[in-house]
Structures are given as C-alpha cells and as structure tokens.
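Dropping upload_9.txt in here (compact mmCIF, C-alpha atoms):
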# COMPACT_ATOMS: atom_id res chain seq x y z
CA MET B 1 0.00 0.00 0.00
CA ASN B 2 1.39 3.45 -0.90
CA LYS B 3 2.13 5.65 2.05
CA TRP B 4 3.23 9.22 2.62
CA PHE B 5 5.93 9.90 5.17
CA LYS B 6 6.29 13.40 6.52
CA ILE B 7 8.64 14.02 9.38
CA ILE B 8 9.62 17.52 10.50
CA GLY B 9 13.38 17.94 10.35
CA PHE B 10 16.07 18.71 7.84
CA VAL B 11 17.71 17.36 4.71
CA ILE B 12 21.46 17.29 4.21
CA PHE B 13 23.97 17.89 1.51
CA VAL B 14 27.05 15.74 2.08
CA SER B 15 29.76 13.82 0.28
CA CYS B 16 32.59 11.89 1.94
CA ILE B 17 35.52 9.63 1.19
CA GLY B 18 35.36 5.91 2.00
CA ASN B 19 35.39 2.31 0.85
CA THR B 20 33.06 1.06 -1.90
CA SER B 21 30.38 -1.41 -0.77
CA ALA B 22 28.60 -4.00 -2.89
CA TYR B 23 25.61 -2.58 -4.73
CA ALA B 24 23.21 -3.32 -7.59
CA THR B 25 21.23 -1.40 -10.16
CA SER B 26 17.43 -1.31 -10.00
CA SER B 27 14.44 -1.01 -12.31
CA THR B 28 12.98 1.49 -9.84
CA SER B 29 13.06 5.14 -10.90
CA LEU B 30 13.82 7.90 -8.43
CA PHE B 31 12.74 11.54 -8.57
CA VAL B 32 14.07 14.22 -6.25
CA ASN B 33 12.21 17.55 -6.18
CA GLY B 34 10.53 16.82 -9.50
CA LYS B 35 13.75 15.82 -11.29
CA ALA B 36 14.97 12.35 -12.24
CA GLU B 37 17.88 11.15 -10.10
CA TYR B 38 19.98 8.49 -11.80
CA ASP B 39 22.78 8.10 -9.27
CA PHE B 40 21.23 5.77 -6.72
CA ILE B 41 21.72 2.14 -5.82
CA THR B 42 19.79 -0.84 -4.47
CA LEU B 43 21.20 -2.83 -1.58
CA GLU B 44 19.46 -5.77 0.09
CA GLY B 45 16.27 -4.80 -1.75
CA ARG B 46 16.41 -1.24 -0.39
CA THR B 47 16.70 1.91 -2.49
CA MET B 48 19.73 3.93 -1.39
CA VAL B 49 19.84 7.61 -2.24
CA LYS B 50 22.95 9.78 -2.39
CA LEU B 51 22.88 12.51 0.22
CA ARG B 52 24.55 14.89 -2.20
CA SER B 53 21.40 14.87 -4.37
CA LEU B 54 19.33 16.27 -1.49
CA SER B 55 20.71 19.81 -1.51
CA ASP B 56 18.41 22.26 0.23
CA PRO B 57 18.58 25.86 1.46
CA SER B 58 18.36 24.47 4.99
CA CYS B 59 21.68 22.64 4.48
CA PRO B 60 23.19 21.79 7.87
CA VAL B 61 26.80 21.84 9.03
CA LEU B 62 28.70 18.60 8.41
CA ALA B 63 32.11 17.06 8.97
CA TYR B 64 33.97 13.91 7.94
CA ASN B 65 36.60 12.19 10.07
CA PRO B 66 38.95 10.23 7.77
CA LYS B 67 40.42 8.31 10.72
CA ASN B 68 37.24 6.52 11.73
CA GLY B 69 35.05 7.16 8.64
CA VAL B 70 32.34 8.94 10.64
CA VAL B 71 30.15 11.49 8.90
CA THR B 72 28.67 14.01 11.33
CA ILE B 73 25.71 16.17 10.33
CA GLN B 74 24.45 18.98 12.50
CA ASN B 75 21.79 21.53 11.69
CA LYS B 76 22.54 25.23 12.03
CA ASP B 77 20.91 25.70 15.42
CA LYS B 78 22.68 22.55 16.69
CA SER B 79 19.39 21.02 17.84
CA LYS B 80 20.02 17.81 15.90
CA LYS B 81 23.22 15.85 15.41
CA VAL B 82 23.41 12.76 13.20
CA GLN B 83 26.38 10.44 12.78
CA LEU B 84 26.77 7.80 10.07
CA VAL B 85 29.46 5.20 9.42
CA ALA B 86 29.87 3.30 6.15
CA GLY B 87 29.08 -0.40 6.46
CA LYS B 88 26.93 -0.04 9.57
CA LYS B 89 23.17 -0.58 9.82
CA THR B 90 22.85 1.96 12.58
CA ALA B 91 23.07 5.72 12.94
CA THR B 92 23.07 7.97 15.97
CA VAL B 93 20.66 10.88 16.31
CA ASN B 94 21.39 13.19 19.25
CA GLY B 95 23.34 10.35 20.84
CA LYS B 96 20.58 7.78 20.43
CA THR B 97 21.25 4.72 18.26
CA ILE B 98 18.65 3.93 15.58
CA LYS B 99 18.47 0.99 13.20
CA LEU B 100 18.62 1.38 9.41
CA ASP B 101 16.99 -0.81 6.75
CA ALA B 102 20.38 -1.32 5.14
CA ALA B 103 23.97 -0.43 5.86
CA VAL B 104 25.29 3.00 4.93
CA VAL B 105 27.26 2.86 1.66
CA ASN B 106 30.29 4.85 0.58
CA LYS B 107 30.71 4.62 -3.19
CA ASN B 108 33.12 6.73 -5.25
CA GLY B 109 33.45 9.20 -2.41
CA SER B 110 29.72 9.66 -1.83
CA THR B 111 27.47 8.56 1.01
CA TYR B 112 24.22 6.67 0.32
CA VAL B 113 21.50 5.97 2.88
CA PRO B 114 18.18 4.09 2.77
CA ILE B 115 15.16 6.06 1.60
CA ARG B 116 13.35 5.27 4.83
CA PHE B 117 16.12 6.98 6.80
CA ILE B 118 15.41 10.18 4.88
CA SER B 119 11.72 10.15 5.73
CA GLU B 120 12.03 9.11 9.35
CA THR B 121 15.15 10.99 10.43
CA LEU B 122 16.24 13.70 8.02
CA GLY B 123 12.90 15.39 7.46
CA GLY B 124 12.30 14.40 3.85
CA TYR B 125 9.03 13.62 2.07
CA VAL B 126 8.95 10.18 0.46
CA TYR B 127 6.26 8.49 -1.60
CA TYR B 128 6.47 4.92 -2.86
CA ASN B 129 4.61 4.20 -6.10
CA ASN B 130 4.72 0.42 -6.16
CA LYS B 131 2.64 0.14 -9.34
CA ASP B 132 4.98 2.20 -11.50
CA LYS B 133 8.11 1.42 -9.47
CA ARG B 134 8.77 5.08 -8.72
CA VAL B 135 10.13 6.69 -5.59
CA ILE B 136 9.31 10.37 -5.09
CA VAL B 137 11.57 12.30 -2.71
CA ARG B 138 11.29 15.95 -1.75
CA THR B 139 13.44 18.08 0.51
CA PRO B 140 11.63 20.60 2.75
CA ALA B 141 12.16 23.31 0.12
CA GLY B 142 11.05 20.89 -2.58
CA GLN B 143 7.86 20.17 -0.65
CA GLU B 144 7.11 23.89 -0.40
CA GLU B 145 7.56 24.16 -4.16
CA TYR B 146 5.24 21.19 -4.64
CA GLU B 147 2.56 22.92 -2.55
CA THR B 148 2.91 26.01 -4.76
CA LEU B 149 2.69 23.86 -7.86
CA MET B 150 -0.52 22.18 -6.76
CA ARG B 151 -2.41 25.03 -5.13
CA GLY B 152 -0.32 28.17 -4.94
CA ASP B 153 0.22 31.31 -7.00
CA LEU B 154 -0.68 30.70 -10.66
CA THR B 155 2.35 32.38 -12.24
CA LYS B 156 4.80 30.72 -9.83
CA ALA B 157 3.14 27.35 -10.41
CA ARG B 158 3.57 27.72 -14.18
CA HIS B 159 7.25 28.51 -13.70
CA ILE B 160 7.63 25.30 -11.69
CA VAL B 161 5.66 23.23 -14.21
CA LEU B 162 7.97 24.06 -17.09
CA GLY B 163 10.95 22.81 -15.12
CA LEU B 164 9.41 19.49 -14.13
CA GLU B 165 10.62 16.11 -15.28
CA LYS B 166 8.52 15.10 -18.29
CA LEU B 167 7.49 11.45 -18.46
CA THR B 168 7.27 10.38 -22.09
CA ASP B 169 7.78 6.61 -21.86
CA GLU B 170 4.29 5.80 -23.15
CA ALA B 171 4.78 7.87 -26.31
CA PRO B 172 6.79 6.55 -29.28
CA PRO B 173 10.37 7.85 -29.55
CA LEU B 174 10.70 11.10 -31.48
CA HIS B 175 12.65 11.24 -34.72
CA ALA B 176 15.66 13.52 -34.53
CA GLY B 177 15.23 16.85 -36.25
CA GLU B 178 17.54 19.75 -36.99
CA GLY B 179 16.75 21.47 -33.71
CA TYR B 180 14.40 24.36 -33.15
CA ASN B 181 14.61 28.14 -32.91
CA TYR B 182 11.54 28.80 -30.80
CA SER B 183 9.32 27.21 -28.18
CA TYR B 184 5.62 27.89 -27.77
CA TYR B 185 3.80 26.80 -24.64
CA THR B 186 0.17 27.27 -23.68
CA PHE B 187 -1.93 26.83 -20.53
CA PRO B 188 -5.72 26.72 -20.26
CA GLU B 189 -6.87 30.02 -18.82
CA GLY B 190 -6.65 29.88 -15.03
CA GLU B 191 -4.68 26.61 -14.99
CA ALA B 192 -1.10 25.49 -14.35
CA LEU B 193 -1.35 21.68 -14.25
CA ARG B 194 -2.07 21.19 -17.96
CA PHE B 195 0.01 22.61 -20.78
CA THR B 196 1.20 22.14 -24.34
CA LEU B 197 4.76 22.59 -25.55
CA ASN B 198 5.67 23.09 -29.19
CA LEU B 199 9.30 22.97 -30.28
CA ALA B 200 9.36 24.36 -33.81
CA GLY B 201 10.54 21.87 -36.39
CA TYR B 202 10.67 19.05 -33.88
CA SER B 203 7.58 18.17 -31.87
CA ASP B 204 4.30 19.27 -30.32
CA ALA B 205 3.13 17.72 -27.03
CA TYR B 206 0.49 17.96 -24.31
CA TYR B 207 1.22 17.16 -20.64
CA GLU B 208 -0.76 16.79 -17.44
CA VAL B 209 0.82 17.05 -13.98
CA ASN B 210 0.04 14.04 -11.79
CA ASN B 211 -0.24 13.95 -8.01
CA GLU B 212 3.44 13.05 -7.74
CA GLY B 213 4.35 16.41 -9.24
CA LEU B 214 5.57 14.99 -12.57
CA ALA B 215 4.44 16.04 -16.05
CA VAL B 216 3.03 13.05 -17.95
CA ILE B 217 2.65 13.18 -21.73
CA LYS B 218 -0.88 12.58 -23.07
CA TRP B 219 -0.50 13.62 -26.71
CA GLN B 220 2.40 14.02 -29.09
CA LYS B 221 2.90 15.07 -32.68
CA ASP B 222 6.22 14.13 -34.25
CA ASP B 223 6.79 16.84 -36.87
CA VAL B 224 9.78 15.02 -38.38
CA ALA B 225 8.08 11.62 -38.74
CA GLU B 226 4.69 13.24 -39.43
CA ARG B 227 3.15 10.99 -36.79
CA GLU B 228 0.61 11.69 -34.07
CA TRP B 229 0.04 9.77 -30.83
CA GLY B 230 -2.55 10.10 -28.06
CA ALA B 231 -5.52 12.43 -27.72
CA LYS B 232 -4.99 16.07 -28.70
CA PRO B 233 -6.41 18.46 -26.07
CA THR B 234 -8.91 21.23 -26.65
CA PHE B 235 -8.70 24.38 -24.55
CA LYS B 236 -11.72 26.73 -24.53
CA SER B 237 -9.45 29.70 -23.88
CA TYR B 238 -5.76 29.75 -23.17
CA VAL B 239 -2.72 31.90 -22.50
CA TYR B 240 0.40 31.51 -24.57
CA PHE B 241 4.11 32.25 -24.26
CA LEU B 242 6.28 32.34 -27.39
CA ASN B 243 10.04 32.27 -26.93
CA GLU B 244 11.94 33.07 -30.13
CA TYR B 245 15.51 32.22 -29.21
CA MET B 246 17.22 33.42 -32.37
CA ALA B 247 15.44 36.78 -32.32
CA GLY B 248 15.79 37.23 -28.57
CA LEU B 249 12.08 38.00 -28.45
CA PHE B 250 9.42 36.82 -26.01
CA THR B 251 5.72 37.32 -26.80
CA TYR B 252 2.75 36.48 -24.59
CA GLY B 253 -1.01 36.78 -24.88
CA ILE B 254 -4.41 35.13 -24.56
CA VAL B 255 -6.76 33.43 -27.00
CA ASP B 256 -10.44 33.46 -26.03
CA ALA B 257 -13.12 30.82 -26.63
CA GLN B 258 -13.96 32.36 -30.01
CA GLY B 259 -10.34 32.10 -31.15
CA LYS B 260 -9.55 35.81 -30.84
CA ASP B 261 -5.84 36.35 -30.16
CA THR B 262 -5.02 39.28 -27.88
CA GLU B 263 -1.29 39.92 -27.68
CA LEU B 264 -0.42 41.29 -24.25
CA GLY B 265 3.20 42.20 -24.79
CA LYS B 266 6.65 41.64 -26.29
CA ILE B 267 9.92 41.79 -24.37
CA HIS B 268 13.63 41.19 -25.00
CA PRO B 269 14.74 39.32 -21.87
CA ASP B 270 18.36 38.53 -21.08
CA ASN B 271 17.44 34.92 -20.34
CA SER B 272 13.94 33.79 -21.31
CA ASN B 273 14.22 30.04 -20.76
CA ASN B 274 10.93 28.80 -19.29
CA LEU B 275 9.78 32.38 -18.85
CA VAL B 276 6.22 32.89 -17.64
CA LEU B 277 4.67 36.29 -17.07
CA GLN B 278 1.67 37.19 -14.95
CA ILE B 279 -1.58 37.72 -16.84
CA GLU B 280 -3.46 40.58 -15.25
CA GLY B 281 -6.85 39.60 -13.87
CA GLU B 282 -6.32 35.84 -14.34
CA LYS B 283 -7.45 33.68 -11.39
CA ARG B 284 -6.31 30.14 -10.72
CA THR B 285 -9.03 27.47 -11.04
CA ASP B 286 -7.20 24.12 -10.87
CA GLN B 287 -5.95 23.86 -7.27
CA ARG B 288 -5.63 20.35 -5.85

Final structure tokens representation of the file:
Amino acid sequence: MNKWFKIIGFVIFVSCIGNTSAYATSSTSLFVNGKAEYDFITLEGRTMVKLRSLSDPSCPVLAYNPKNGVVTIQNKDKSKKVQLVAGKKTATVNGKTIKLDAAVVNKNGSTYVPIRFISETLGGYVYYNNKDKRVIVRTPAGQEEYETLMRGDLTKARHIVLGLEKLTDEAPPLHAGEGYNYSYYTFPEGEALRFTLNLAGYSDAYYEVNNEGLAVIKWQKDDVAEREWGAKPTFKSYVYFLNEYMAGLFTYGIVDAQGKDTELGKIHPDNSNNLVLQIEGEKRTDQR
C-alpha cells in the first residue's frame, strides 16, 4: 500500500571519502524535487539515495573524520546531530542509536542511505509508487515548491511546471530533427497543471501534472516523422508564451473561446528560458 511519510526535520547535503560497498542497479526510478535522479543504488532490496542529491537551502553543518570514517551532520541551530558510518546498519541521532533498513554505503566518495532513513530521520518527504516502481523524494524546500505547484500562485506554479521532469515513456520515440529556434507553450486560462509545448521543427506535445508532481505526456505530434500519438487536447481559452531564441524576443497573450488572439506584450529578456509572465486579472481554477 502506498504511504506518505512526513517528518519535521532537515535534509542534508554531504559527500565523503570511503570504501566502496557491494551494490546493484534497480528497475525502480527515483525523482528528487521533481527531477529524475539516476545516481542511486539498491542494496538488500532497499533503495539507497545519495545525500549529495538532497541539496536544500536548509543545508546543515557537516564534517567527515577520515580516521574513523564517521560522517557528522548537525543543523545550524545545533538542535540535531546525526552520525553515520559506512558499512553499519545503525546511525546515531542526538546520541541515540537507531536501526537502518540497510547499511550506509560509501561509493566513489559519496554517502548513500536508505530512503526510509530520509523520511524518518532527516525530514524528507517520500512516496512509494509500487505500481509504476517510482520513488518520489522531496526536501523541505522541494515540498514547499510542490505545494505552490498544486495550489499556490498561478504564475509561480507555471514557472515550476515548465521545469518538471517530463514522463514520455508511453509515447513513441521522437525522430531527430535539426533542432528548433523557438518554443511555444500554452496553458488553459486559469490553470497550471495542464500545458502544451511546441518545439518548432521538432515536436508538439500535451502534458498533465500528476499527483506526484511529474508532467506526464498525453499527446504528441512528431513533426519530423509526421506521426501523431494520443488524444490532442482542446482548450476553450488559453494563454500563450512564445520564446523566439534566435530573435531574442518573447511574446505572450491570450486566445479566447472564439479564437480571438489578444497579444499582451513583447519583451527582449536577457534569459527567457521557461519564462512565464503574470496575466493581469487571471485567477487560478485548478488547485488540488
């Protein structure tokens, strides 16, 4: 049964030197703060995540003792102190010994710990999707961003959406094109959790954000192969953002239910990757 774990605490950013332990690859996929994490291992049937991948603004103080191989993590107000040793199935938290699902691993100079340790001790948010063999991990800052994505400010949510990992496994592989010189993305008016993305000369796609905070493809048009897959969406009215890279021009506007296009502005931003601007008077309608 899937289960959410939410423990108040902190998440750490740490890398240390040590001996390499036995490990194995896994068919499980891991996502940290909405991004795919490929550097993880499976040991004794447990998913082990690298602490370095859990960077967070609340990063605590840490130290590594090369003589005894002890990694010490302490948050900034010194209210919590955690010590880990490679090869051991225990850790100490404020002097108290706790058991781990699997031994701590040092591999190529990095420390890996069981996912459960993150949720129960380090203050992370972990969700196990047994059906799709996915593990979703969020740091405290990542969880705040997730809350914004799902029910927060519309413009901020759209910014987050465009940076999400996009799951396209169900769609056929795209044929390679010659690249593209603009991107065009649209959102239904008042929404952030559904969007289309057109890469000129390459592909056109429609995504929906699932409850795990990942963008899942639902429709795709391969412009190179002249092939279409899935069900193309229909938006009654929508806002659009056109990023013309070569021209250094960004245009945004709204198209109403009758198809009338109202351009709201053009700008020449220094860096317009995944740029989203606020649409005056627009109210969010898709909170979850």

Which residue of B:Asp77, B:Val135, B:Leu167, B:Pro66 approaches Val49 in chain B most closely, using only C-alpha atoms: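 Of B:Asp77, B:Val135, B:Leu167, B:Pro66, the one nearest Val49 in chain B, counting only C-alpha atoms, is B:Val135.
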
Straight-line distance linking CA of Tyr182 in chain B with CA of Phe241 in chain B, stated in Å to one decimal: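 For CA of Tyr182 in chain B relative to CA of Phe241 in chain B, the distance reads 10.5 Å.
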
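You will find CA of Glu145 in chain B at 14.7 Å from CA of Asn210 in chain B.
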
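The nearest approach to Gly34 in chain B among the residues B:Val224, B:Ala63, B:Leu197, B:Ile136, with only C-alpha atoms taken into account, belongs to B:Ile136.
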
Residue neighbourhood range 218-221 of chain B, 10 Å, all atoms listed in the file, exclusion window fewer than 3 positions, as a ChimeraX atom specification: /B:167-168,170-172,174,196-198,202-208,215,224-233

Residue with smallest distance to Arg151 in chain B - pool B:Glu191, B:Asp169, B:Asp101, B:Asp261, counting only C-alpha atoms: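 Using only C-alpha atoms, Arg151 in chain B sits closest to B:Glu191.
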
Minimum-distance residue to Leu162 in chain B, chosen among B:His175, B:Arg194, B:Arg288, B:Lys76 (using all atoms listed in the file): B:Arg194

Between CA of Lys96 in chain B and CA of Val82 in chain B, distance in Å (one decimal):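 Here the two named atoms are 9.2 Å from each other.
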
Residue list as a list in words for point (2.8, 18.4, -14.5), cut-off 10 Å, all atoms listed in the file: Gly34, Leu149, Met150, Ala157, Arg158, Ile160, Val161, Leu162, Gly163, Leu164, Glu165, Lys166, Leu167, Ala192, Leu193, Arg194, Phe195, Tyr207, Glu208, Val209, Asn210, Asn211, Glu212, Gly213, Leu214, Ala215, Val216 and Ile217 of chain B

List the neighbours of Ile254 in chain B out to 10 Å using only C-alpha atoms; skip same-chain residues closer than 4 positions along the sequence, and give me the result as a compact mmCIF listing (two decimals) with C-alpha atoms, in the frame of the given file.
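Now in result04.txt:
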# COMPACT_ATOMS: atom_id res chain seq x y z
CA THR B 186 0.17 27.27 -23.68
CA PHE B 187 -1.93 26.83 -20.53
CA PRO B 188 -5.72 26.72 -20.26
CA GLU B 189 -6.87 30.02 -18.82
CA SER B 237 -9.45 29.70 -23.88
CA TYR B 238 -5.76 29.75 -23.17
CA VAL B 239 -2.72 31.90 -22.50
CA TYR B 240 0.40 31.51 -24.57
CA PHE B 241 4.11 32.25 -24.26
CA GLY B 259 -10.34 32.10 -31.15
CA LYS B 260 -9.55 35.81 -30.84
CA ASP B 261 -5.84 36.35 -30.16
CA THR B 262 -5.02 39.28 -27.88
CA GLU B 263 -1.29 39.92 -27.68
CA LEU B 264 -0.42 41.29 -24.25
CA ILE B 279 -1.58 37.72 -16.84

Nearby residues (only C-alpha atoms) at most 9 Å from Lys133 in chain B, same-chain spacing under 5 positions excluded, as an MDAnalysis selection string: chainID B and resid 27:30 128

Output, as AutoDock Vina command-line options, the centre and edge lengths in Å (one decimal) of the axis-aligned box that contains all listed atoms of range 229-245 of chain B with 8 Å of margin on each side.
--center_x 1.9 --center_y 21.4 --center_z -26.7 --size_x 43.2 --size_y 39.3 --size_z 24.3

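For Tyr38 in chain B, the residues within 10 Å (counting only C-alpha atoms, excluding itself and residues fewer than 2 positions away along the chain) are Ser29, Leu30, Phe31, Val32, Lys35, Ala36, Phe40, Ile41, Val49, Lys50 and Ser53 of chain B.
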
Restore all heavy atoms in range 200-211 of chain B and list the result as a compact mmCIF listing (two decimals), keeping the file's coordinate frame.
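Writing the result to part20.txt gives the following:
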# COMPACT_ATOMS: atom_id res chain seq x y z
N ALA B 200 9.49 24.18 -32.36
CA ALA B 200 9.36 24.36 -33.81
C ALA B 200 10.30 23.45 -34.58
O ALA B 200 11.49 23.38 -34.30
CB ALA B 200 9.64 25.82 -34.18
N GLY B 201 9.75 22.75 -35.55
CA GLY B 201 10.54 21.87 -36.39
C GLY B 201 10.89 20.55 -35.75
O GLY B 201 11.65 19.76 -36.31
N TYR B 202 10.31 20.27 -34.59
CA TYR B 202 10.67 19.05 -33.88
C TYR B 202 9.44 18.30 -33.37
O TYR B 202 9.13 17.20 -33.83
CB TYR B 202 11.61 19.40 -32.72
CG TYR B 202 12.25 18.22 -32.04
CD1 TYR B 202 12.72 17.13 -32.75
CD2 TYR B 202 12.40 18.21 -30.65
CE1 TYR B 202 13.33 16.06 -32.11
CE2 TYR B 202 13.00 17.15 -30.00
CZ TYR B 202 13.46 16.08 -30.73
OH TYR B 202 14.05 15.02 -30.09
N SER B 203 8.71 18.90 -32.44
CA SER B 203 7.58 18.17 -31.87
C SER B 203 6.57 19.12 -31.23
O SER B 203 6.85 20.28 -30.94
CB SER B 203 8.06 17.18 -30.80
OG SER B 203 8.57 17.88 -29.67
N ASP B 204 5.38 18.57 -31.00
CA ASP B 204 4.30 19.27 -30.32
C ASP B 204 3.74 18.27 -29.31
O ASP B 204 3.50 17.10 -29.66
CB ASP B 204 3.23 19.69 -31.33
CG ASP B 204 2.35 20.82 -30.81
OD1 ASP B 204 2.59 21.27 -29.68
OD2 ASP B 204 1.43 21.23 -31.53
N ALA B 205 3.55 18.68 -28.05
CA ALA B 205 3.13 17.72 -27.03
C ALA B 205 2.22 18.37 -26.00
O ALA B 205 2.26 19.58 -25.78
CB ALA B 205 4.34 17.11 -26.34
N TYR B 206 1.41 17.52 -25.37
CA TYR B 206 0.49 17.96 -24.31
C TYR B 206 0.78 17.13 -23.06
O TYR B 206 0.92 15.90 -23.12
CB TYR B 206 -0.95 17.75 -24.75
CG TYR B 206 -1.97 17.80 -23.64
CD1 TYR B 206 -2.16 18.96 -22.89
CD2 TYR B 206 -2.76 16.69 -23.35
CE1 TYR B 206 -3.11 19.00 -21.88
CE2 TYR B 206 -3.72 16.72 -22.34
CZ TYR B 206 -3.88 17.90 -21.60
OH TYR B 206 -4.81 17.94 -20.61
N TYR B 207 0.89 17.82 -21.90
CA TYR B 207 1.22 17.16 -20.64
C TYR B 207 0.20 17.49 -19.56
O TYR B 207 -0.38 18.58 -19.56
CB TYR B 207 2.60 17.62 -20.14
CG TYR B 207 3.75 17.28 -21.06
CD1 TYR B 207 4.13 18.16 -22.06
CD2 TYR B 207 4.47 16.10 -20.90
CE1 TYR B 207 5.20 17.86 -22.90
CE2 TYR B 207 5.54 15.80 -21.73
CZ TYR B 207 5.89 16.68 -22.73
OH TYR B 207 6.94 16.39 -23.56
N GLU B 208 0.04 16.57 -18.63
CA GLU B 208 -0.76 16.79 -17.44
C GLU B 208 0.11 16.45 -16.23
O GLU B 208 0.82 15.44 -16.23
CB GLU B 208 -2.02 15.92 -17.44
CG GLU B 208 -3.00 16.28 -18.55
CD GLU B 208 -4.24 15.40 -18.54
OE1 GLU B 208 -4.30 14.46 -17.70
OE2 GLU B 208 -5.15 15.62 -19.36
N VAL B 209 0.05 17.28 -15.21
CA VAL B 209 0.82 17.05 -13.98
C VAL B 209 0.05 16.09 -13.09
O VAL B 209 -1.12 16.32 -12.78
CB VAL B 209 1.08 18.38 -13.24
CG1 VAL B 209 1.84 18.12 -11.94
CG2 VAL B 209 1.87 19.34 -14.14
N ASN B 210 0.71 15.01 -12.67
CA ASN B 210 0.04 14.04 -11.79
C ASN B 210 0.24 14.43 -10.33
O ASN B 210 0.89 15.42 -10.01
CB ASN B 210 0.54 12.61 -12.08
CG ASN B 210 2.02 12.43 -11.74
OD1 ASN B 210 2.65 13.26 -11.09
ND2 ASN B 210 2.58 11.33 -12.20
N ASN B 211 -0.31 13.63 -9.43
CA ASN B 211 -0.24 13.95 -8.01
C ASN B 211 1.16 13.80 -7.43
O ASN B 211 1.42 14.24 -6.31
CB ASN B 211 -1.23 13.08 -7.22
CG ASN B 211 -2.67 13.48 -7.47
OD1 ASN B 211 -2.97 14.64 -7.76
ND2 ASN B 211 -3.58 12.52 -7.38
